[in-house]
$ cat query-v3.txt   # compact mmCIF, C-alpha atoms
# COMPACT_ATOMS: atom_id res chain seq x y z
CA MET A 1 260.14 -88.37 -80.05
CA ASN A 2 257.88 -85.89 -78.32
CA GLN A 3 256.46 -83.79 -81.11
CA ASN A 4 253.30 -82.80 -79.29
CA VAL A 5 252.55 -79.09 -79.12
CA GLY A 6 254.05 -77.47 -76.01
CA ILE A 7 252.12 -75.39 -73.50
CA VAL A 8 253.34 -72.24 -71.74
CA ILE A 9 251.42 -70.69 -68.85
CA VAL A 10 251.96 -67.01 -68.08
CA SER A 11 250.35 -65.44 -65.03
CA HIS A 12 251.05 -62.37 -62.92
CA SER A 13 251.18 -64.73 -59.97
CA PRO A 14 253.81 -67.48 -59.83
CA ASP A 15 251.43 -69.45 -57.61
CA VAL A 16 248.67 -69.35 -60.23
CA ALA A 17 251.07 -70.28 -63.02
CA ARG A 18 252.60 -73.15 -61.05
CA GLY A 19 249.18 -74.36 -59.93
CA ALA A 20 247.80 -74.32 -63.46
CA ALA A 21 250.86 -76.25 -64.65
CA ASP A 22 250.32 -78.80 -61.85
CA MET A 23 246.76 -79.31 -63.05
CA VAL A 24 247.93 -79.95 -66.59
CA ARG A 25 250.58 -82.42 -65.39
CA GLN A 26 248.21 -84.32 -63.13
CA MET A 27 245.21 -84.41 -65.44
CA VAL A 28 246.84 -84.63 -68.84
CA GLY A 29 250.10 -86.42 -68.05
CA ASP A 30 253.70 -86.11 -69.15
CA ASP A 31 253.29 -86.30 -72.92
CA VAL A 32 253.10 -82.54 -73.37
CA PRO A 33 256.09 -80.18 -73.07
CA LEU A 34 255.06 -77.69 -70.39
CA ALA A 35 256.54 -74.60 -68.78
CA TRP A 36 255.23 -71.74 -66.70
CA CYS A 37 256.36 -68.33 -65.55
CA GLY A 38 254.93 -65.58 -63.40
CA GLY A 39 255.85 -62.85 -60.97
CA ALA A 40 258.01 -59.76 -61.24
CA PRO A 41 261.81 -60.19 -61.26
CA GLY A 42 262.06 -58.55 -57.84
CA GLY A 43 259.22 -60.57 -56.36
CA GLY A 44 255.56 -59.65 -56.27
CA LEU A 45 253.04 -59.80 -59.05
CA GLY A 46 253.98 -59.25 -62.65
CA THR A 47 255.20 -60.77 -65.87
CA ASN A 48 258.35 -60.16 -67.86
CA VAL A 49 259.43 -60.83 -71.40
CA GLU A 50 262.65 -62.61 -70.53
CA ALA A 51 260.96 -65.18 -68.30
CA ILE A 52 258.36 -65.80 -71.02
CA LEU A 53 261.12 -66.37 -73.59
CA THR A 54 262.78 -68.86 -71.26
CA ALA A 55 259.49 -70.67 -70.72
CA ILE A 56 258.86 -70.89 -74.49
CA ASP A 57 262.31 -72.37 -74.85
CA ARG A 58 261.70 -74.96 -72.13
CA ALA A 59 258.38 -76.03 -73.61
CA TRP A 60 259.64 -75.88 -77.19
CA SER A 61 258.38 -78.42 -79.65
CA GLU A 62 258.81 -78.60 -83.40
CA ALA A 63 255.01 -78.78 -83.52
CA GLY A 64 254.84 -75.36 -81.87
CA VAL A 65 253.91 -73.80 -78.55
CA ALA A 66 250.56 -72.51 -77.30
CA ILE A 67 250.69 -69.77 -74.64
CA LEU A 68 247.95 -69.23 -72.05
CA VAL A 69 247.93 -65.85 -70.34
CA ASP A 70 245.91 -64.21 -67.60
CA LEU A 71 245.56 -60.41 -67.76
CA GLY A 72 246.86 -57.31 -69.57
CA GLY A 73 250.63 -57.40 -69.22
CA ALA A 74 250.77 -61.15 -69.48
CA GLU A 75 249.35 -60.84 -72.96
CA THR A 76 251.35 -57.83 -74.13
CA ASN A 77 254.60 -59.22 -72.74
CA SER A 78 253.86 -62.57 -74.37
CA GLU A 79 253.28 -60.81 -77.70
CA MET A 80 256.59 -59.04 -77.25
CA ALA A 81 258.32 -62.31 -76.42
CA VAL A 82 256.90 -63.92 -79.56
CA GLU A 83 258.17 -60.98 -81.66
CA MET A 84 261.64 -61.48 -80.19
CA LEU A 85 261.79 -65.14 -81.15
CA PRO A 86 263.97 -66.20 -84.07
CA GLU A 87 262.03 -66.00 -87.31
CA THR A 88 262.08 -69.76 -87.69
CA ARG A 89 260.13 -70.14 -84.45
CA ARG A 90 257.88 -67.10 -84.48
CA ASP A 91 255.24 -68.66 -86.72
CA ARG A 92 254.94 -71.68 -84.48
CA VAL A 93 253.89 -69.87 -81.31
CA VAL A 94 250.33 -68.72 -80.64
CA ILE A 95 248.74 -66.87 -77.74
CA CYS A 96 245.35 -68.38 -76.93
CA ASP A 97 242.38 -66.19 -76.16
CA ALA A 98 241.16 -68.39 -73.32
CA PRO A 99 240.98 -68.47 -69.51
CA VAL A 100 244.42 -69.41 -68.21
CA VAL A 101 243.66 -72.42 -66.00
CA GLU A 102 240.83 -74.04 -67.96
CA GLY A 103 242.48 -73.15 -71.26
CA ALA A 104 245.74 -74.80 -70.18
CA VAL A 105 243.98 -78.08 -69.32
CA MET A 106 241.94 -78.05 -72.55
CA ALA A 107 244.95 -77.13 -74.68
CA GLY A 108 247.07 -79.74 -72.90
CA THR A 109 244.47 -82.45 -73.50
CA GLU A 110 244.27 -81.58 -77.18
CA ALA A 111 248.07 -81.43 -77.46
CA SER A 112 248.50 -84.82 -75.78
CA ALA A 113 246.56 -86.42 -78.64
CA GLY A 114 249.13 -85.17 -81.15
CA SER A 115 246.91 -82.42 -82.54
CA THR A 116 248.27 -79.51 -84.55
CA LEU A 117 248.98 -76.09 -83.03
CA GLU A 118 245.88 -74.67 -84.73
CA GLN A 119 243.69 -77.45 -83.29
CA VAL A 120 245.16 -76.87 -79.84
CA ARG A 121 244.44 -73.17 -80.06
CA ARG A 122 240.92 -73.77 -81.34
CA THR A 123 240.14 -76.16 -78.48
CA ALA A 124 241.38 -73.70 -75.85
CA GLU A 125 239.39 -70.89 -77.45
CA GLU A 126 236.26 -73.02 -77.74
CA LEU A 127 235.77 -72.27 -74.05
CA ARG A 128 235.10 -68.66 -74.87
CA ALA A 129 232.27 -69.42 -77.25
CA ARG A 130 230.27 -71.52 -74.82
CA MET B 1 235.62 -101.09 -94.01
CA THR B 2 233.39 -98.88 -91.95
CA THR B 3 231.57 -100.50 -89.09
CA ASN B 4 229.25 -99.27 -86.43
CA ALA B 5 229.46 -100.20 -82.79
CA THR B 6 227.49 -99.31 -79.71
CA GLY B 7 227.74 -100.08 -76.02
CA SER B 8 226.81 -98.71 -72.66
CA VAL B 9 228.23 -98.57 -69.16
CA ARG B 10 227.24 -96.95 -65.89
CA ILE B 11 229.54 -94.28 -64.46
CA GLU B 12 230.50 -95.18 -60.91
CA HIS B 13 233.22 -92.58 -60.51
CA GLU B 14 232.31 -90.51 -57.46
CA VAL B 15 232.26 -87.15 -59.22
CA GLY B 16 231.00 -88.42 -62.57
CA LEU B 17 232.47 -87.25 -65.83
CA HIS B 18 234.24 -84.21 -64.41
CA ALA B 19 237.67 -82.76 -65.01
CA ARG B 20 240.13 -85.65 -64.80
CA PRO B 21 237.82 -88.39 -66.10
CA SER B 22 236.82 -86.13 -69.01
CA VAL B 23 240.46 -85.67 -69.95
CA LYS B 24 241.12 -89.43 -69.79
CA LEU B 25 238.05 -90.26 -71.86
CA THR B 26 238.89 -87.66 -74.51
CA GLN B 27 242.53 -88.74 -74.68
CA LEU B 28 241.52 -92.36 -75.21
CA ALA B 29 238.85 -91.50 -77.78
CA LYS B 30 241.39 -89.56 -79.77
CA THR B 31 243.61 -92.62 -80.18
CA PHE B 32 240.95 -94.13 -82.50
CA GLN B 33 240.17 -93.24 -86.09
CA SER B 34 236.43 -93.70 -85.74
CA LYS B 35 233.91 -91.01 -85.05
CA ILE B 36 232.91 -91.57 -81.41
CA GLU B 37 230.00 -90.08 -79.52
CA PHE B 38 228.29 -90.66 -76.21
CA ALA B 39 224.99 -89.70 -74.61
CA ALA B 40 223.26 -90.06 -71.28
CA SER B 41 220.20 -91.41 -73.08
CA PRO B 42 219.96 -93.77 -76.09
CA ASP B 43 218.10 -90.99 -77.89
CA GLY B 44 220.88 -88.45 -77.37
CA PRO B 45 221.80 -85.64 -77.41
CA TRP B 46 225.13 -87.05 -78.61
CA VAL B 47 228.42 -85.55 -77.50
CA ASP B 48 231.62 -85.75 -79.55
CA ALA B 49 233.90 -87.88 -77.33
CA LYS B 50 237.00 -86.36 -78.95
CA SER B 51 236.14 -82.80 -77.93
CA ILE B 52 237.46 -82.12 -74.44
CA VAL B 53 235.40 -78.95 -74.15
CA LYS B 54 232.18 -80.78 -75.04
CA VAL B 55 232.96 -83.83 -72.91
CA MET B 56 233.69 -81.71 -69.84
CA GLY B 57 230.75 -79.48 -70.68
CA SER B 58 228.41 -82.48 -70.59
CA LYS B 59 228.71 -82.55 -66.77
CA THR B 60 227.61 -86.16 -66.73
CA PRO B 61 226.97 -87.15 -63.08
CA LYS B 62 227.72 -90.37 -61.23
CA GLY B 63 225.20 -93.13 -61.84
CA THR B 64 224.54 -92.08 -65.43
CA MET B 65 224.22 -94.87 -67.98
CA LEU B 66 226.65 -93.76 -70.66
CA HIS B 67 225.79 -94.86 -74.20
CA PHE B 68 228.58 -94.97 -76.74
CA ARG B 69 228.30 -95.16 -80.49
CA ALA B 70 231.18 -95.26 -82.93
CA GLU B 71 231.49 -95.32 -86.68
CA GLY B 72 234.67 -96.21 -88.55
CA GLU B 73 237.27 -98.89 -89.08
CA ASP B 74 238.10 -99.36 -85.42
CA ALA B 75 234.62 -98.70 -84.03
CA PRO B 76 234.27 -101.97 -82.04
CA GLU B 77 237.73 -101.57 -80.45
CA ALA B 78 236.97 -97.94 -79.61
CA VAL B 79 233.69 -98.70 -77.86
CA ARG B 80 235.25 -101.62 -75.97
CA ALA B 81 238.23 -99.53 -74.82
CA LEU B 82 236.05 -96.65 -73.65
CA ILE B 83 233.72 -98.94 -71.71
CA GLU B 84 236.75 -100.54 -70.06
CA LEU B 85 238.06 -97.12 -69.10
CA VAL B 86 234.79 -96.24 -67.38
CA GLU B 87 234.65 -99.68 -65.73
CA ARG B 88 238.09 -99.27 -64.22
CA ASP B 89 237.08 -95.86 -62.89
CA PHE B 90 239.32 -93.94 -65.32
CA GLU B 91 242.48 -95.37 -63.80
CA PRO B 92 245.38 -96.07 -66.16
CA THR B 93 246.00 -99.65 -67.32
CA SER B 94 248.73 -101.91 -65.85

$ encode --input "query-v3.txt" --output "structure tokens"
Amino acid sequence: MNQNVGIVIVSHSPDVARGAADMVRQMVGDDVPLAWCGGAPGGGLGTNVEAILTAIDRAWSEAGVAILVDLGGAETNSEMAVEMLPETRRDRVVICDAPVVEGAVMAGTEASAGSTLEQVRRTAEELRAR
Amino acid sequence: MTTNATGSVRIEHEVGLHARPSVKLTQLAKTFQSKIEFAASPDGPWVDAKSIVKVMGSKTPKGTMLHFRAEGEDAPEAVRALIELVERDFEPTS
């Protein structure tokens, strides 16, 4: 029955990604599909497209998925991952222009209320304008 | 039928309306249809209780008297539920 928007956290550091996901879980609760990924395949810092695709899949919701990213490659690899999604899903995934930790908590809070993907994105991005 | 409701409660939570309490307050506010706002003074400025960014941005400290006002069909229930949430220190029910 969970049709709340899902949240994906992508950081160069698995510790940051996991920590941000913990914050969402503890503050927002379990009503939001949530997945994270981070780190290079061989260890160390980095992001990769495959791990992002897996995370999108794990957090998938018919209402869509909002991705929070940290720097450079996290964003470009996320964009690439979105392009590689099946056409039926591509339009329901957005990358938020927001700080990764704060944005994830804000987006998660909005998503937990059953808001639309666009509302979730807007709430995360509201942080930027302040 | 649209009704108006108001109420106030003092925040005793040790850190005030910070991260986790802000999330809980916003989540609860969003379960109601009514427009819901709060302020640290009866004269405002009023903060949209359904906006997590604005609620957290209010940085309302411990000891603040929080004034709620709601407008809509479920306004009285909304104000009552939010006051109860603050009274039980933002802990979940049951």

$ closest_residue --input "query-v3.txt" --among "B:Ala75, B:Ser41, B:Ser51, B:Asn4" --to "chain A" --atoms "only C-alpha atoms"
B:Ser51

$ interface_residues --input "query-v3.txt" --of "chain B" --to "chain A" --cutoff "10 Å" --atoms "only C-alpha atoms" --output "PyMOL selection string"
chain B and resi 19-24+26-31+50-54+56-57

$ atom_distance --input "query-v3.txt" --atom1 "CA of Trp36 in chain A" --atom2 "CA of Trp60 in chain A"
12.1 Å

$ atom_distance --input "query-v3.txt" --atom1 "CA of Gly39 in chain A" --atom2 "CA of Ile52 in chain A"
10.8 Å

$ closest_residue --input "query-v3.txt" --among "A:Asp15, A:Asp97, A:Glu118, A:Asp30" --to "Ala59 in chain A" --atoms "only C-alpha atoms"
A:Asp30

$ atom_distance --input "query-v3.txt" --atom1 "CA of Ala20 in chain A" --atom2 "CA of Pro61 in chain B"
24.5 Å

$ residues_around --input "query-v3.txt" --residues "Pro76 in chain B" --least-positions-apart "6" --cutoff "12 Å" --atoms "all atoms listed in the file" --output "list in words"
Thr2, Thr3, Asn4, Ala5, Thr6, Gly7, Phe32, Gln33, Ser34, Lys35, Ile36, Phe68, Arg69, Ala70, Leu82 and Ile83 of chain B

$ axis_aligned_box --input "query-v3.txt" --around "range 83-91 of chain B" --padding-each-side "4 Å" --output "JSON"
{"center_x": 238.1, "center_y": -97.2, "center_z": -67.3, "size_x": 16.8, "size_y": 14.6, "size_z": 16.8}

$ residues_around --input "query-v3.txt" --residues "Asn48 in chain A" --least-positions-apart "2" --cutoff "8 Å" --atoms "all atoms listed in the file" --output "PyMOL selection string"
chain A and resi 38-41+46+50-52+74+77

$ residues_near_point --input "query-v3.txt" --point "(245.4, -71.1, -79.0)" --cutoff "6 Å" --atoms "all atoms listed in the file" --output "PDB file with C-alpha atoms, in the frame of the given file"
ATOM      1  CA  ALA A  66     250.560 -72.510 -77.300  1.00  0.00           C
ATOM      2  CA  VAL A  94     250.330 -68.720 -80.640  1.00  0.00           C
ATOM      3  CA  ILE A  95     248.740 -66.870 -77.740  1.00  0.00           C
ATOM      4  CA  CYS A  96     245.350 -68.380 -76.930  1.00  0.00           C
ATOM      5  CA  VAL A 120     245.160 -76.870 -79.840  1.00  0.00           C
ATOM      6  CA  ARG A 121     244.440 -73.170 -80.060  1.00  0.00           C
ATOM      7  CA  ARG A 122     240.920 -73.770 -81.340  1.00  0.00           C
ATOM      8  CA  ALA A 124     241.380 -73.700 -75.850  1.00  0.00           C
TER       9      ALA A 124
END

$ residues_around --input "query-v3.txt" --residues "Met84 in chain A" --least-positions-apart "5" --cutoff "9 Å" --atoms "all atoms listed in the file" --output "VMD selection string"
chain A and resid 53 79 90

$ residues_near_point --input "query-v3.txt" --point "(230.2, -89.4, -65.8)" --cutoff "10 Å" --atoms "all atoms listed in the file" --output "compact mmCIF listing (two decimals) with C-alpha atoms, in the coordinates of the input"
# COMPACT_ATOMS: atom_id res chain seq x y z
CA VAL B 9 228.23 -98.57 -69.16
CA ARG B 10 227.24 -96.95 -65.89
CA ILE B 11 229.54 -94.28 -64.46
CA GLU B 12 230.50 -95.18 -60.91
CA HIS B 13 233.22 -92.58 -60.51
CA GLU B 14 232.31 -90.51 -57.46
CA VAL B 15 232.26 -87.15 -59.22
CA GLY B 16 231.00 -88.42 -62.57
CA LEU B 17 232.47 -87.25 -65.83
CA HIS B 18 234.24 -84.21 -64.41
CA PRO B 21 237.82 -88.39 -66.10
CA SER B 22 236.82 -86.13 -69.01
CA LEU B 25 238.05 -90.26 -71.86
CA ALA B 40 223.26 -90.06 -71.28
CA VAL B 55 232.96 -83.83 -72.91
CA MET B 56 233.69 -81.71 -69.84
CA SER B 58 228.41 -82.48 -70.59
CA LYS B 59 228.71 -82.55 -66.77
CA THR B 60 227.61 -86.16 -66.73
CA PRO B 61 226.97 -87.15 -63.08
CA LYS B 62 227.72 -90.37 -61.23
CA GLY B 63 225.20 -93.13 -61.84
CA THR B 64 224.54 -92.08 -65.43
CA MET B 65 224.22 -94.87 -67.98
CA LEU B 66 226.65 -93.76 -70.66
CA VAL B 86 234.79 -96.24 -67.38
CA ASP B 89 237.08 -95.86 -62.89

$ build_atoms --input "query-v3.txt" --residues "range 75-110 of chain A" --atoms "N, CA and C atoms" --output "short mmCIF file (atom, residue, chain, number, x, y, z; two decimals), in the coordinates of the input"
data_model
loop_
_atom_site.label_atom_id
_atom_site.label_comp_id
_atom_site.auth_asym_id
_atom_site.auth_seq_id
_atom_site.Cartn_x
_atom_site.Cartn_y
_atom_site.Cartn_z
N GLU A 75 249.58 -60.72 -71.53
CA GLU A 75 249.35 -60.84 -72.96
C GLU A 75 250.32 -59.97 -73.76
N THR A 76 250.47 -58.70 -73.35
CA THR A 76 251.35 -57.83 -74.13
C THR A 76 252.81 -58.28 -74.04
N ASN A 77 253.23 -58.72 -72.85
CA ASN A 77 254.60 -59.22 -72.74
C ASN A 77 254.80 -60.51 -73.52
N SER A 78 253.76 -61.33 -73.58
CA SER A 78 253.86 -62.57 -74.37
C SER A 78 253.98 -62.23 -75.86
N GLU A 79 253.18 -61.23 -76.29
CA GLU A 79 253.28 -60.81 -77.70
C GLU A 79 254.68 -60.31 -78.02
N MET A 80 255.24 -59.56 -77.05
CA MET A 80 256.59 -59.04 -77.25
C MET A 80 257.60 -60.18 -77.31
N ALA A 81 257.42 -61.16 -76.44
CA ALA A 81 258.32 -62.31 -76.42
C ALA A 81 258.27 -63.05 -77.76
N VAL A 82 257.05 -63.22 -78.28
CA VAL A 82 256.90 -63.92 -79.56
C VAL A 82 257.62 -63.15 -80.67
N GLU A 83 257.50 -61.80 -80.64
CA GLU A 83 258.17 -60.98 -81.66
C GLU A 83 259.68 -61.11 -81.58
N MET A 84 260.20 -61.39 -80.37
CA MET A 84 261.64 -61.48 -80.19
C MET A 84 262.20 -62.85 -80.54
N LEU A 85 261.33 -63.79 -80.80
CA LEU A 85 261.79 -65.14 -81.15
C LEU A 85 262.47 -65.13 -82.50
N PRO A 86 263.40 -66.07 -82.72
CA PRO A 86 263.97 -66.20 -84.07
C PRO A 86 262.85 -66.43 -85.08
N GLU A 87 263.07 -65.93 -86.29
CA GLU A 87 262.03 -66.00 -87.31
C GLU A 87 261.54 -67.42 -87.55
N THR A 88 262.44 -68.37 -87.42
CA THR A 88 262.08 -69.76 -87.69
C THR A 88 261.09 -70.30 -86.65
N ARG A 89 261.03 -69.66 -85.49
CA ARG A 89 260.13 -70.14 -84.45
C ARG A 89 258.86 -69.30 -84.31
N ARG A 90 258.95 -68.07 -84.73
CA ARG A 90 257.88 -67.10 -84.48
C ARG A 90 256.51 -67.59 -84.96
N ASP A 91 256.51 -68.22 -86.13
CA ASP A 91 255.24 -68.66 -86.72
C ASP A 91 254.65 -69.88 -86.03
N ARG A 92 255.42 -70.46 -85.14
CA ARG A 92 254.94 -71.68 -84.48
C ARG A 92 254.60 -71.43 -83.02
N VAL A 93 254.32 -70.18 -82.68
CA VAL A 93 253.89 -69.87 -81.31
C VAL A 93 252.60 -69.06 -81.39
N VAL A 94 251.58 -69.48 -80.65
CA VAL A 94 250.33 -68.72 -80.64
C VAL A 94 249.95 -68.38 -79.20
N ILE A 95 249.29 -67.23 -79.04
CA ILE A 95 248.74 -66.87 -77.74
C ILE A 95 247.24 -67.13 -77.80
N CYS A 96 246.76 -67.98 -76.90
CA CYS A 96 245.35 -68.38 -76.93
C CYS A 96 244.48 -67.37 -76.21
N ASP A 97 243.35 -67.07 -76.80
CA ASP A 97 242.38 -66.19 -76.16
C ASP A 97 241.44 -67.07 -75.33
N ALA A 98 241.91 -67.44 -74.14
CA ALA A 98 241.16 -68.39 -73.32
C ALA A 98 241.52 -68.18 -71.86
N PRO A 99 240.64 -68.57 -70.93
CA PRO A 99 240.98 -68.47 -69.51
C PRO A 99 242.20 -69.32 -69.20
N VAL A 100 243.09 -68.81 -68.35
CA VAL A 100 244.42 -69.41 -68.21
C VAL A 100 244.38 -70.84 -67.68
N VAL A 101 243.64 -71.09 -66.61
CA VAL A 101 243.66 -72.42 -66.00
C VAL A 101 242.91 -73.43 -66.87
N GLU A 102 241.65 -73.12 -67.16
CA GLU A 102 240.83 -74.04 -67.96
C GLU A 102 241.44 -74.22 -69.35
N GLY A 103 241.88 -73.09 -69.92
CA GLY A 103 242.48 -73.15 -71.26
C GLY A 103 243.71 -74.04 -71.29
N ALA A 104 244.51 -73.99 -70.22
CA ALA A 104 245.74 -74.80 -70.18
C ALA A 104 245.39 -76.29 -70.16
N VAL A 105 244.37 -76.66 -69.39
CA VAL A 105 243.98 -78.08 -69.32
C VAL A 105 243.39 -78.54 -70.66
N MET A 106 242.54 -77.70 -71.25
CA MET A 106 241.94 -78.05 -72.55
C MET A 106 243.02 -78.14 -73.63
N ALA A 107 243.88 -77.14 -73.68
CA ALA A 107 244.95 -77.13 -74.68
C ALA A 107 245.88 -78.33 -74.47
N GLY A 108 246.19 -78.61 -73.21
CA GLY A 108 247.07 -79.74 -72.90
C GLY A 108 246.46 -81.07 -73.33
N THR A 109 245.16 -81.22 -73.10
CA THR A 109 244.47 -82.45 -73.50
C THR A 109 244.53 -82.62 -75.01
N GLU A 110 244.24 -81.54 -75.71
CA GLU A 110 244.27 -81.58 -77.18
C GLU A 110 245.70 -81.89 -77.66
#
